[in-house]
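See below for model.cif, which holds mmCIF, C-alpha atoms.
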```
data_structure
loop_
_atom_site.label_atom_id
_atom_site.label_comp_id
_atom_site.auth_asym_id
_atom_site.auth_seq_id
_atom_site.Cartn_x
_atom_site.Cartn_y
_atom_site.Cartn_z
CA MET R 1 27.72 -22.02 9.83
CA SER R 2 26.92 -21.82 13.53
CA ASP R 3 23.99 -23.80 14.92
CA ALA R 4 22.20 -20.64 16.09
CA TRP R 5 22.56 -19.04 12.67
CA SER R 6 21.25 -22.16 10.95
CA ALA R 7 18.25 -22.35 13.26
CA VAL R 8 17.29 -18.74 12.64
CA MET R 9 18.05 -18.18 8.96
CA GLY R 10 17.67 -21.62 7.44
CA ALA R 11 19.47 -22.96 4.40
CA ASP R 12 17.89 -20.52 1.97
CA MET R 13 19.34 -17.35 3.55
CA PRO R 14 22.96 -16.53 2.75
CA VAL R 15 25.36 -15.71 5.56
CA ALA R 16 28.22 -13.27 5.48
CA PRO R 17 31.38 -14.70 3.89
CA SER R 18 33.44 -16.05 6.73
CA SER R 19 37.10 -16.31 7.31
CA GLY R 20 36.26 -17.63 10.73
CA ALA R 21 32.80 -17.17 12.26
CA PRO R 22 31.40 -13.66 11.49
CA TYR R 23 29.29 -13.62 14.65
CA SER R 24 29.04 -15.28 18.00
CA ASP R 25 26.03 -17.55 18.48
CA GLU R 26 24.15 -14.81 20.35
CA GLU R 27 24.94 -12.19 17.70
CA ALA R 28 24.02 -14.62 14.93
CA ALA R 29 20.59 -15.22 16.45
CA ALA R 30 19.96 -11.48 16.86
CA VAL R 31 21.18 -10.58 13.35
CA GLY R 32 19.16 -13.43 11.88
CA PHE R 33 15.99 -12.22 13.55
CA VAL R 34 16.48 -8.66 12.30
CA LEU R 35 17.09 -9.82 8.73
CA ARG R 36 14.13 -12.15 8.74
CA LEU R 37 11.90 -9.44 10.19
CA GLY R 38 13.09 -6.98 7.53
CA ARG R 39 12.40 -9.36 4.68
CA ALA R 40 8.89 -10.08 5.95
CA LEU R 41 7.99 -6.43 6.61
CA HIS R 42 9.28 -5.42 3.19
CA GLY R 43 7.33 -8.16 1.43
CA TYR R 44 4.06 -7.09 3.05
CA GLY R 45 4.22 -3.49 1.92
CA LEU R 46 6.07 -1.38 4.50
CA SER R 47 7.63 1.77 3.04
CA ALA R 48 11.41 2.26 2.99
CA ASP R 49 11.49 4.87 5.76
CA ALA R 50 9.17 2.90 8.07
CA LEU R 51 11.15 -0.29 7.40
CA GLU R 52 14.44 1.37 8.28
CA TYR R 53 12.95 2.86 11.46
CA ASN R 54 11.70 -0.59 12.50
CA LEU R 55 14.97 -2.38 11.80
CA GLN R 56 17.11 0.32 13.41
CA ALA R 57 14.96 0.38 16.55
CA MET R 58 15.04 -3.41 16.80
CA SER R 59 18.82 -3.51 16.32
CA ASP R 60 19.29 -0.90 19.04
CA ARG R 61 17.13 -2.91 21.43
CA LEU R 62 19.16 -6.06 20.72
CA GLY R 63 22.46 -4.26 21.23
CA LEU R 64 23.53 -4.46 17.58
CA GLU R 65 25.46 -1.75 15.79
CA ALA R 66 23.70 -1.66 12.43
CA ASN R 67 23.07 0.38 9.30
CA PHE R 68 20.33 -0.23 6.74
CA PHE R 69 19.62 0.81 3.18
CA THR R 70 16.38 -0.29 1.54
CA THR R 71 14.87 0.05 -1.93
CA PRO R 72 11.57 -1.31 -3.29
CA THR R 73 13.40 -4.50 -4.34
CA SER R 74 16.24 -5.02 -1.86
CA ILE R 75 17.56 -4.61 1.67
CA PHE R 76 21.19 -3.94 2.50
CA ALA R 77 22.10 -4.48 6.15
CA ALA R 78 25.53 -3.94 7.70
CA PHE R 79 26.32 -5.05 11.27
CA GLY R 80 29.30 -4.16 13.41
CA PRO R 81 31.75 -1.26 13.57
CA PRO R 82 33.02 0.08 10.22
CA GLU R 83 36.38 -1.66 10.45
CA ARG R 84 34.75 -5.08 11.12
CA GLN R 85 31.44 -4.73 9.34
CA HIS R 86 29.52 -7.68 7.91
CA THR R 87 27.11 -6.78 5.11
CA HIS R 88 24.07 -8.74 3.94
CA LEU R 89 21.95 -8.34 0.82
CA ILE R 90 18.35 -9.56 0.70
CA ARG R 91 16.60 -9.50 -2.67
CA VAL R 92 12.88 -8.85 -2.19
CA PHE R 93 10.17 -8.61 -4.81
CA PRO R 94 7.45 -6.05 -4.02
CA GLY R 95 4.28 -7.69 -2.82
CA ASP R 96 0.74 -6.60 -2.05
CA VAL R 97 0.06 -4.82 1.22
CA ASP R 98 -1.04 -7.35 3.86
CA LEU R 99 -2.21 -5.45 6.94
CA GLY R 100 -3.05 -8.64 8.82
CA LYS R 101 0.46 -10.06 8.59
CA LEU R 102 2.01 -6.64 9.26
CA ALA R 103 0.00 -6.50 12.50
CA ARG R 104 1.15 -9.99 13.49
CA LEU R 105 4.78 -9.14 12.71
CA ASP R 106 4.46 -5.99 14.79
CA ALA R 107 3.19 -8.05 17.73
CA VAL R 108 6.18 -10.43 17.42
CA SER R 109 8.66 -7.55 17.31
CA ARG R 110 7.10 -5.95 20.38
CA ASP R 111 7.30 -9.27 22.24
CA VAL R 112 10.99 -9.59 21.37
CA GLU R 113 11.65 -5.96 22.38
CA GLN R 114 10.02 -6.56 25.75
CA HIS R 115 11.81 -9.91 26.21
CA ARG R 116 8.63 -11.98 26.18
CA LEU R 117 10.19 -13.95 23.29
CA THR R 118 13.78 -14.80 22.49
CA VAL R 119 15.10 -13.89 19.04
CA ILE R 120 15.10 -17.54 17.97
CA GLU R 121 11.48 -17.94 19.10
CA GLY R 122 10.67 -14.69 17.30
CA SER R 123 12.23 -15.98 14.10
CA ARG R 124 10.13 -19.12 14.29
CA ARG R 125 7.02 -17.00 14.80
CA ILE R 126 7.91 -15.00 11.69
CA ASP R 127 8.18 -18.23 9.69
CA GLU R 128 4.75 -19.27 10.97
CA ILE R 129 3.25 -15.89 9.98
CA ILE R 130 4.72 -16.11 6.47
CA ALA R 131 3.24 -19.61 6.09
CA LEU R 132 -0.26 -18.50 7.10
CA PRO R 133 -2.85 -18.64 4.29
CA PRO R 134 -4.53 -15.37 3.21
CA ILE R 135 -7.12 -14.08 5.67
CA SER R 136 -9.84 -13.58 3.08
CA ARG R 137 -11.01 -16.35 0.79
CA PRO R 138 -10.76 -15.91 -2.99
CA VAL R 139 -14.51 -15.34 -3.38
CA VAL R 140 -14.46 -12.66 -0.68
CA ARG R 141 -11.52 -10.89 -2.36
CA VAL R 142 -13.33 -10.86 -5.71
CA LEU R 143 -16.38 -9.36 -4.00
CA GLY R 144 -14.07 -6.83 -2.36
CA TYR R 145 -12.85 -5.73 -5.79
CA GLY R 146 -16.43 -5.32 -6.98
CA VAL R 147 -17.60 -3.36 -3.94
CA ALA R 148 -14.52 -1.13 -3.96
CA SER R 149 -15.03 -0.28 -7.63
CA ALA R 150 -18.72 0.48 -7.12
CA VAL R 151 -18.32 2.75 -4.09
CA VAL R 152 -15.33 4.63 -5.50
CA CYS R 153 -17.27 5.17 -8.73
CA ARG R 154 -20.00 6.82 -6.64
CA ILE R 155 -17.42 8.96 -4.81
CA LEU R 156 -16.08 10.07 -8.20
CA GLY R 157 -19.57 11.23 -9.22
CA GLY R 158 -21.02 8.18 -10.97
CA GLY R 159 -24.76 7.61 -11.27
CA ILE R 160 -26.61 4.38 -10.61
CA ASN R 161 -25.79 2.92 -14.03
CA GLU R 162 -22.10 3.76 -13.70
CA VAL R 163 -21.97 2.30 -10.19
CA LEU R 164 -23.55 -0.98 -11.28
CA VAL R 165 -21.35 -1.35 -14.35
CA ALA R 166 -18.22 -0.37 -12.39
CA GLY R 167 -19.09 -2.95 -9.74
CA PHE R 168 -19.37 -5.64 -12.42
CA ALA R 169 -16.07 -4.49 -13.93
CA GLY R 170 -14.48 -4.65 -10.48
CA LEU R 171 -15.61 -8.25 -10.12
CA LEU R 172 -13.96 -8.96 -13.46
CA THR R 173 -10.75 -7.31 -12.25
CA GLY R 174 -10.82 -9.45 -9.11
CA ALA R 175 -11.25 -12.64 -11.13
CA ILE R 176 -8.32 -11.66 -13.37
CA SER R 177 -6.24 -10.96 -10.27
CA LEU R 178 -6.85 -14.48 -8.94
CA ALA R 179 -6.03 -16.01 -12.32
CA SER R 180 -2.83 -13.98 -12.72
CA ASN R 181 -1.55 -15.13 -9.32
CA ARG R 182 -1.82 -18.75 -10.45
CA LEU R 183 0.02 -18.29 -13.73
CA PRO R 184 3.81 -18.08 -14.16
CA HIS R 185 4.70 -14.38 -14.48
CA GLY R 186 0.98 -13.59 -14.60
CA THR R 187 1.33 -10.68 -12.18
CA HIS R 188 3.59 -8.90 -14.70
CA VAL R 189 0.68 -8.41 -17.12
CA PHE R 190 -2.15 -8.17 -14.60
CA GLU R 191 -2.75 -4.42 -14.93
CA LEU R 192 -2.58 -4.51 -18.72
CA VAL R 193 -4.99 -7.43 -19.11
CA ALA R 194 -7.41 -6.14 -16.46
CA ALA R 195 -7.52 -2.61 -17.92
CA PHE R 196 -8.09 -4.02 -21.42
CA ALA R 197 -10.87 -6.33 -20.22
CA VAL R 198 -12.63 -3.60 -18.19
CA SER R 199 -12.52 -1.10 -21.06
CA LEU R 200 -13.77 -3.69 -23.55
CA VAL R 201 -16.64 -4.86 -21.34
CA VAL R 202 -17.78 -1.38 -20.28
CA THR R 203 -17.74 -0.04 -23.85
CA CYS R 204 -19.56 -3.07 -25.24
CA PHE R 205 -22.07 -2.91 -22.41
CA ALA R 206 -22.80 0.73 -23.21
CA ALA R 207 -23.37 -0.14 -26.87
CA ILE R 208 -25.41 -3.30 -26.43
CA SER R 209 -27.61 -2.10 -23.58
CA ASP R 210 -29.76 0.95 -23.90
CA LEU R 211 -28.56 2.55 -20.68
CA ARG R 212 -27.59 6.15 -20.14
CA LEU R 213 -23.95 5.52 -19.29
CA SER R 214 -20.81 7.61 -18.86
CA VAL R 215 -18.20 5.25 -20.27
CA PRO R 216 -15.15 7.11 -18.84
CA THR R 217 -16.63 7.20 -15.33
CA ALA R 218 -17.65 3.52 -15.35
CA THR R 219 -14.27 2.52 -16.80
CA LEU R 220 -12.40 4.51 -14.18
CA GLY R 221 -14.48 2.86 -11.47
CA GLY R 222 -13.62 -0.56 -12.87
CA VAL R 223 -9.86 0.05 -12.96
CA ILE R 224 -9.57 2.25 -9.85
CA VAL R 225 -8.31 -0.68 -7.75
CA LEU R 226 -5.37 -0.96 -10.16
CA VAL R 227 -4.36 2.70 -10.07
CA PRO R 228 -1.19 3.21 -7.96
CA GLY R 229 -2.21 6.44 -6.29
CA LEU R 230 -1.03 5.13 -2.91
CA THR R 231 2.33 4.20 -4.44
CA VAL R 232 2.77 7.77 -5.71
CA THR R 233 2.01 9.16 -2.26
CA VAL R 234 4.42 6.74 -0.56
CA ALA R 235 7.10 7.65 -3.11
CA MET R 236 6.64 11.36 -2.38
CA THR R 237 6.89 10.66 1.34
CA GLU R 238 10.13 8.71 0.83
CA LEU R 239 11.58 11.51 -1.28
CA ALA R 240 10.64 14.05 1.37
CA ARG R 241 12.42 11.93 3.99
CA ARG R 242 15.53 11.89 1.72
CA HIS R 243 15.11 8.23 0.77
CA LEU R 244 15.98 9.26 -2.77
CA ALA R 245 16.75 5.85 -4.28
CA ALA R 246 13.61 4.22 -2.86
CA GLY R 247 11.34 7.18 -3.69
CA THR R 248 12.64 7.54 -7.25
CA ALA R 249 12.36 3.82 -7.95
CA ARG R 250 8.84 3.63 -6.51
CA LEU R 251 7.72 6.71 -8.46
CA SER R 252 9.09 5.23 -11.68
CA GLY R 253 7.24 1.99 -11.05
CA ALA R 254 4.01 3.87 -10.40
CA PHE R 255 4.41 5.83 -13.63
CA LEU R 256 4.86 2.59 -15.56
CA VAL R 257 1.68 1.16 -14.03
CA PHE R 258 -0.23 4.33 -14.95
CA VAL R 259 0.98 4.05 -18.55
CA THR R 260 0.12 0.33 -18.65
CA ILE R 261 -3.43 0.94 -17.41
CA ALA R 262 -4.01 3.84 -19.81
CA PHE R 263 -2.68 1.79 -22.73
CA GLY R 264 -4.85 -1.20 -21.81
CA VAL R 265 -7.94 1.00 -21.59
CA ALA R 266 -7.15 2.63 -24.94
CA VAL R 267 -6.66 -0.73 -26.67
CA GLY R 268 -9.84 -2.11 -25.11
CA ALA R 269 -11.83 0.88 -26.36
CA GLU R 270 -10.37 0.47 -29.85
CA VAL R 271 -11.27 -3.22 -29.97
CA ALA R 272 -14.76 -2.51 -28.63
CA GLY R 273 -15.23 0.20 -31.26
CA ALA R 274 -14.32 -2.30 -33.98
CA LEU R 275 -16.83 -4.80 -32.58
CA VAL R 276 -19.85 -2.61 -31.78
CA GLY R 277 -19.14 0.67 -33.53
CA GLU R 278 -18.98 4.13 -32.03
CA VAL R 279 -20.44 4.49 -28.55
CA ARG R 280 -21.93 7.74 -27.29
CA SER R 281 -20.98 8.59 -23.71
CA LEU R 282 -23.48 10.59 -21.66
CA GLN R 283 -23.21 12.47 -18.40
CA PRO R 284 -24.08 10.38 -15.32
CA ARG R 285 -27.33 11.08 -13.51
CA ARG R 286 -26.90 12.65 -10.11
CA LEU R 287 -27.64 10.42 -7.12
CA PRO R 288 -28.97 11.62 -3.74
CA ASP R 289 -26.36 12.89 -1.27
CA TRP R 290 -27.02 10.06 1.16
CA THR R 291 -25.56 7.62 -1.37
CA LEU R 292 -22.22 9.43 -1.12
CA THR R 293 -22.30 9.03 2.66
CA LEU R 294 -23.06 5.34 2.23
CA ALA R 295 -20.21 4.94 -0.27
CA VAL R 296 -17.71 6.63 2.06
CA ALA R 297 -18.88 4.37 4.90
CA VAL R 298 -18.52 1.18 2.86
CA ALA R 299 -15.25 2.03 1.07
CA PRO R 300 -12.92 1.43 4.07
CA LEU R 301 -14.48 -1.99 4.61
CA ALA R 302 -13.83 -2.95 1.00
CA PHE R 303 -10.28 -1.64 1.27
CA GLY R 304 -9.83 -3.67 4.43
CA VAL R 305 -10.73 -6.84 2.54
CA LEU R 306 -8.35 -6.03 -0.33
CA LEU R 307 -5.57 -5.14 2.12
CA ARG R 308 -6.15 -8.37 4.08
CA ALA R 309 -6.77 -6.65 7.41
CA ARG R 310 -7.72 -8.70 10.44
CA LEU R 311 -11.38 -8.55 11.48
CA ARG R 312 -10.46 -6.99 14.83
CA ASP R 313 -8.76 -4.08 13.02
CA PHE R 314 -11.76 -3.14 10.86
CA PRO R 315 -13.30 -0.71 13.39
CA TRP R 316 -10.02 1.21 13.67
CA LEU R 317 -9.34 1.47 9.95
CA TRP R 318 -12.96 2.45 9.34
CA LEU R 319 -12.79 5.16 12.02
CA SER R 320 -9.53 6.57 10.64
CA SER R 321 -10.89 6.63 7.08
CA ALA R 322 -14.21 8.23 8.04
CA ILE R 323 -12.61 10.96 10.18
CA GLY R 324 -9.95 11.68 7.54
CA TYR R 325 -12.49 12.01 4.75
CA THR R 326 -14.71 14.21 6.91
CA ALA R 327 -11.71 16.45 7.65
CA VAL R 328 -11.06 16.79 3.90
CA ARG R 329 -14.66 17.77 3.18
CA LEU R 330 -14.71 20.34 5.97
CA ALA R 331 -11.31 21.77 5.01
CA ALA R 332 -12.44 22.07 1.37
CA LEU R 333 -15.05 24.60 2.48
CA SER R 334 -12.28 27.07 3.37
CA PHE R 335 -9.19 25.93 1.46
CA GLY R 336 -8.22 24.59 -1.95
CA PRO R 337 -8.09 20.88 -2.85
CA ALA R 338 -4.37 20.48 -2.11
CA MET R 339 -4.58 22.10 1.33
CA ALA R 340 -7.69 20.07 2.14
CA ALA R 341 -5.91 16.84 1.18
CA SER R 342 -2.95 17.82 3.36
CA ILE R 343 -5.21 18.46 6.35
CA GLY R 344 -6.97 15.13 5.79
CA ALA R 345 -3.62 13.32 5.63
CA LEU R 346 -2.51 15.08 8.81
CA VAL R 347 -5.61 13.88 10.64
CA VAL R 348 -5.22 10.31 9.35
CA GLY R 349 -1.51 10.30 10.20
CA VAL R 350 -2.08 11.50 13.76
CA LEU R 351 -4.81 8.91 14.37
CA ALA R 352 -2.65 6.13 12.89
CA ASN R 353 0.38 7.10 14.97
CA LEU R 354 -1.75 7.23 18.13
CA TYR R 355 -2.99 3.75 17.22
CA ASP R 356 0.65 2.63 17.07
CA ARG R 357 1.64 4.45 20.26
CA ARG R 358 -1.19 2.76 22.17
CA GLY R 359 0.24 -0.62 21.22
CA LEU R 360 -2.82 -1.63 19.17
CA GLY R 361 -0.77 -2.42 16.06
CA PRO R 362 1.40 -0.81 13.40
CA ALA R 363 0.41 2.63 12.15
CA ALA R 364 -0.07 1.24 8.63
CA VAL R 365 -3.26 -0.58 9.71
CA ALA R 366 -5.08 2.70 10.35
CA GLN R 367 -3.14 4.87 7.91
CA VAL R 368 -3.20 3.03 4.58
CA PRO R 369 -7.02 2.67 4.23
CA GLY R 370 -7.48 6.30 5.32
CA VAL R 371 -4.96 7.59 2.80
CA LEU R 372 -6.55 5.51 0.02
CA LEU R 373 -9.61 7.78 0.17
CA LEU R 374 -7.36 10.80 -0.36
CA VAL R 375 -4.83 9.65 -2.97
CA PRO R 376 -4.87 11.28 -6.43
CA GLY R 377 -4.81 8.08 -8.48
CA SER R 378 -7.92 8.92 -10.49
CA ILE R 379 -6.37 12.28 -11.45
CA GLY R 380 -3.25 10.55 -12.74
CA TYR R 381 -5.30 8.12 -14.80
CA ARG R 382 -7.32 10.97 -16.31
CA SER R 383 -4.09 12.80 -17.10
CA LEU R 384 -2.70 9.93 -19.15
CA SER R 385 -6.08 9.31 -20.80
CA SER R 386 -6.18 12.94 -21.89
CA LEU R 387 -2.65 12.72 -23.26
CA LEU R 388 -3.55 9.58 -25.22
CA ASP R 389 -6.54 11.47 -26.63
CA GLN R 390 -4.10 14.26 -27.60
CA ASN R 391 -5.65 16.68 -25.09
CA VAL R 392 -2.19 17.84 -24.06
CA ILE R 393 -3.17 20.88 -22.00
CA VAL R 394 -5.80 18.96 -20.03
CA GLY R 395 -3.40 16.05 -19.52
CA VAL R 396 -0.51 18.19 -18.29
CA THR R 397 -2.81 20.15 -15.99
CA ALA R 398 -4.18 16.94 -14.48
CA ALA R 399 -0.65 15.54 -14.06
CA PHE R 400 0.43 18.67 -12.20
CA THR R 401 -2.66 18.44 -10.00
CA MET R 402 -1.86 14.81 -9.19
CA ILE R 403 1.72 15.65 -8.19
CA LEU R 404 0.62 18.64 -6.13
CA THR R 405 -2.01 16.56 -4.31
CA ALA R 406 0.47 13.72 -3.66
CA VAL R 407 2.99 16.22 -2.23
CA ALA R 408 0.26 17.75 -0.06
CA ILE R 409 -0.70 14.34 1.34
CA ALA R 410 2.95 13.47 1.95
CA ALA R 411 3.41 16.79 3.76
CA GLY R 412 0.43 16.07 6.00
CA LEU R 413 1.81 12.64 6.90
CA LEU R 414 5.25 14.10 7.62
CA VAL R 415 3.82 16.75 9.95
CA ALA R 416 1.80 14.02 11.70
CA SER R 417 5.00 12.01 12.30
CA VAL R 418 6.60 15.08 13.88
CA LEU R 419 3.60 15.90 16.11
CA VAL R 420 2.90 12.29 17.11
CA PRO R 421 5.81 9.98 16.21
CA THR R 422 5.33 6.23 16.36
CA HIS R 423 7.01 4.44 19.22
CA ARG R 424 9.86 3.26 16.97
CA GLN R 425 10.37 6.70 15.47
CA ARG R 426 10.76 8.03 19.01
CA GLU R 427 13.38 5.38 19.76
CA THR R 428 15.46 5.97 16.65
CA THR R 429 15.34 9.79 16.92
CA ARG R 430 15.94 9.99 20.68
CA PRO R 431 19.44 11.39 21.37
CA SER R 432 21.83 8.90 22.90
CA ALA R 433 22.90 9.39 26.46
#
```
Could you show the structure in this file as structure tokens?
Amino acid sequence: MSDAWSAVMGADMPVAPSSGAPYSDEEAAAVGFVLRLGRALHGYGLSADALEYNLQAMSDRLGLEANFFTTPTSIFAAFGPPERQHTHLIRVFPGDVDLGKLARLDAVSRDVEQHRLTVIEGSRRIDEIIALPPISRPVVRVLGYGVASAVVCRILGGGINEVLVAGFAGLLTGAISLASNRLPHGTHVFELVAAFAVSLVVTCFAAISDLRLSVPTATLGGVIVLVPGLTVTVAMTELARRHLAAGTARLSGAFLVFVTIAFGVAVGAEVAGALVGEVRSLQPRRLPDWTLTLAVAVAPLAFGVLLRARLRDFPWLWLSSAIGYTAVRLAALSFGPAMAASIGALVVGVLANLYDRRGLGPAAVAQVPGVLLLVPGSIGYRSLSSLLDQNVIVGVTAAFTMILTAVAIAAGLLVASVLVPTHRQRETTRPSA
């Protein structure tokens, strides 16, 4: 193994099988930086198409002939001409979106592109970013779960009782999230345990207290942070961009999470029924309109905490979310829900890509929180809940609505990338001289 390769990749990263050195020292340093950057970007939530754009643009800038193929759990990278190609496989486990570290990685890649850092210095910076502790403290993240659940419950039509109970259930979900991260394989059962606990607590609370409470609305608010609506939208975008393997795998994973949450909620309700008897669910009381405005204003801030955004990025993600949601509400006055969602996604996508083009950070920082207010996750959850209750027609109708809305959002984001491509999309699509 060459000294440059060892310095960049370290002992834990495999090198291409060598019958002789696969790369010169300069090529080894460049390839090592690209692979390390790809592994970090993948682990912090970048979609397959965006990841490939980033890696291809970086390889072009470094003078590498490269091809990439990514899935939600792996990266294949091949360097060199076809007759002398060296292929690398990196196994990556999907992680939570970390907007703060994505922004730092974007800054490092821009510095390397503009020759302010060498590739070896860039690789060391990536190692330092990976080693950084989470931006938000555990207590703040738990509060973020609670606030997100409460405000989304209000956006979904909950009354004051539903909002308060959903906020408490969100705090419970956040506490379970922290505990699952500290247990071996705890993340594998996080959604199941959290959905069960939220359903049990909400149902028991409705029975023990004498509140007028809509159990389905409060339960949905409590589990909304678990629902993979964003994953469905990303999967549809990947499929539309012909990333078939990545999109299909991501969509399958999202479906499994939906089923897990619905099953956990159903079991929790059954256990609660055995403990406290049958619970009567009532319609939520309507809150003043200004509370909806307040909820929409607070939601992006809660999402920013959960997505680990840097404090300096909060104004941008809040602005993107607020403008996108306003565009949806205005479009809904003249168009149907799907068209309104597509217009909202288009607005969010354009703003996020302008954010990237201005060099303020990666588009994901402004795009992901804005899209979270549009994604059809609650519709998918209600679809599976209806199917579990044997309301087949309602369940199938809701499932179709979820898919149609996800496709509409993906279409809006695709049009935005055509109208205002990010700086790396421009580089990888620009015809060669």
Residues picked by the PyMOL selection byres ((chain R and resi 60-77) around 6) here, as a VMD selection string?
-> chain R and resid 48 57 to 59 78 to 80 87 to 93 246
To test your reading of the syntax: which residues would the PyMOL selection byres ((chain R and resi 239) around 12) return for the file shown? Reply as a CSV table (one decimal) with C-alpha atoms, keeping the file's coordinate frame.
```csv
chain,number,residue,atom,x,y,z
R,47,SER,CA,7.6,1.8,3.0
R,48,ALA,CA,11.4,2.3,3.0
R,49,ASP,CA,11.5,4.9,5.8
R,71,THR,CA,14.9,0.0,-1.9
R,232,VAL,CA,2.8,7.8,-5.7
R,233,THR,CA,2.0,9.2,-2.3
R,234,VAL,CA,4.4,6.7,-0.6
R,235,ALA,CA,7.1,7.6,-3.1
R,236,MET,CA,6.6,11.4,-2.4
R,237,THR,CA,6.9,10.7,1.3
R,238,GLU,CA,10.1,8.7,0.8
R,240,ALA,CA,10.6,14.0,1.4
R,241,ARG,CA,12.4,11.9,4.0
R,242,ARG,CA,15.5,11.9,1.7
R,243,HIS,CA,15.1,8.2,0.8
R,244,LEU,CA,16.0,9.3,-2.8
R,245,ALA,CA,16.8,5.8,-4.3
R,246,ALA,CA,13.6,4.2,-2.9
R,247,GLY,CA,11.3,7.2,-3.7
R,248,THR,CA,12.6,7.5,-7.2
R,249,ALA,CA,12.4,3.8,-8.0
R,250,ARG,CA,8.8,3.6,-6.5
R,251,LEU,CA,7.7,6.7,-8.5
R,406,ALA,CA,0.5,13.7,-3.7
R,407,VAL,CA,3.0,16.2,-2.2
R,410,ALA,CA,3.0,13.5,2.0
R,411,ALA,CA,3.4,16.8,3.8
R,414,LEU,CA,5.2,14.1,7.6
```
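Proximity to Pro369 (chain R) was assessed for R:Leu256, R:Val97, R:Ala103, R:Ile126 counting only C-alpha atoms; the smallest distance is recorded for R:Val97.
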Could you check how far CA of Ser320 (chain R) sits from CA of Gln367 (chain R), in Å to one decimal?
->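 Computing it gives 7.2 Å between the two atoms.
Residue nearest Ala262 (chain R), chosen from R:Val108, R:Leu306, R:Glu191, R:Ile403 and counting all atoms listed in the file: R:Glu191.
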Rounded to one decimal place, report the CA of Val265 (chain R)-CA of Val189 (chain R) distance in Å.
->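 Answer for the CA of Val265 (chain R) to CA of Val189 (chain R) separation: 13.5 Å.
We find CA of Gly304 (chain R) and CA of Asp356 (chain R) to be spaced 17.6 Å apart.
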Within 6 Å of file point (-15.2, -7.7, -6.2), counting only C-alpha atoms, expressed as a list in words =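 Answer for this query, in the requested form: Val142, Leu143, Gly144, Tyr145, Gly146, Val147, Gly170, Leu171 and Gly174 of chain R.
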Dump C-alpha atoms for the selected residues as a short mmCIF file (atom, residue, chain, number, x, y, z; two decimals), in the frame of the given file?
```cif
data_model
loop_
_atom_site.label_atom_id
_atom_site.label_comp_id
_atom_site.auth_asym_id
_atom_site.auth_seq_id
_atom_site.Cartn_x
_atom_site.Cartn_y
_atom_site.Cartn_z
CA VAL R 142 -13.33 -10.86 -5.71
CA LEU R 143 -16.38 -9.36 -4.00
CA GLY R 144 -14.07 -6.83 -2.36
CA TYR R 145 -12.85 -5.73 -5.79
CA GLY R 146 -16.43 -5.32 -6.98
CA VAL R 147 -17.60 -3.36 -3.94
CA GLY R 170 -14.48 -4.65 -10.48
CA LEU R 171 -15.61 -8.25 -10.12
CA GLY R 174 -10.82 -9.45 -9.11
#
```
Nearest to Leu330 (chain R), chosen from R:Leu200, R:Ala366, R:Ile343, R:Ala195, with all atoms listed in the file counted in the distances =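 So, comparing all the options, the nearest one is R:Ile343.
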Selection dump of the PyMOL selection byres ((chain R and resi 198) around 9), as a short mmCIF file (atom, residue, chain, number, x, y, z; two decimals) with C-alpha atoms, keeping the file's coordinate frame:
```cif
data_model
loop_
_atom_site.label_atom_id
_atom_site.label_comp_id
_atom_site.auth_asym_id
_atom_site.auth_seq_id
_atom_site.Cartn_x
_atom_site.Cartn_y
_atom_site.Cartn_z
CA ALA R 166 -18.22 -0.37 -12.39
CA ALA R 169 -16.07 -4.49 -13.93
CA GLY R 170 -14.48 -4.65 -10.48
CA LEU R 172 -13.96 -8.96 -13.46
CA THR R 173 -10.75 -7.31 -12.25
CA VAL R 193 -4.99 -7.43 -19.11
CA ALA R 194 -7.41 -6.14 -16.46
CA ALA R 195 -7.52 -2.61 -17.92
CA PHE R 196 -8.09 -4.02 -21.42
CA ALA R 197 -10.87 -6.33 -20.22
CA SER R 199 -12.52 -1.10 -21.06
CA LEU R 200 -13.77 -3.69 -23.55
CA VAL R 201 -16.64 -4.86 -21.34
CA VAL R 202 -17.78 -1.38 -20.28
CA THR R 203 -17.74 -0.04 -23.85
CA THR R 219 -14.27 2.52 -16.80
CA GLY R 222 -13.62 -0.56 -12.87
CA VAL R 223 -9.86 0.05 -12.96
CA GLY R 264 -4.85 -1.20 -21.81
CA VAL R 265 -7.94 1.00 -21.59
CA GLY R 268 -9.84 -2.11 -25.11
#
```
Which residue gives the smallest distance to Ala363 (chain R) among R:Gly32, R:Pro421, R:Gly38, R:Pro337, with all atoms listed in the file counted?
-> R:Pro421
Taking only C-alpha atoms into account, which of R:Val151, R:Val259, R:Ala299, R:Leu102 comes nearest Ala322 (chain R)?
->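 Closest to Ala322 (chain R) of all the choices is R:Ala299.
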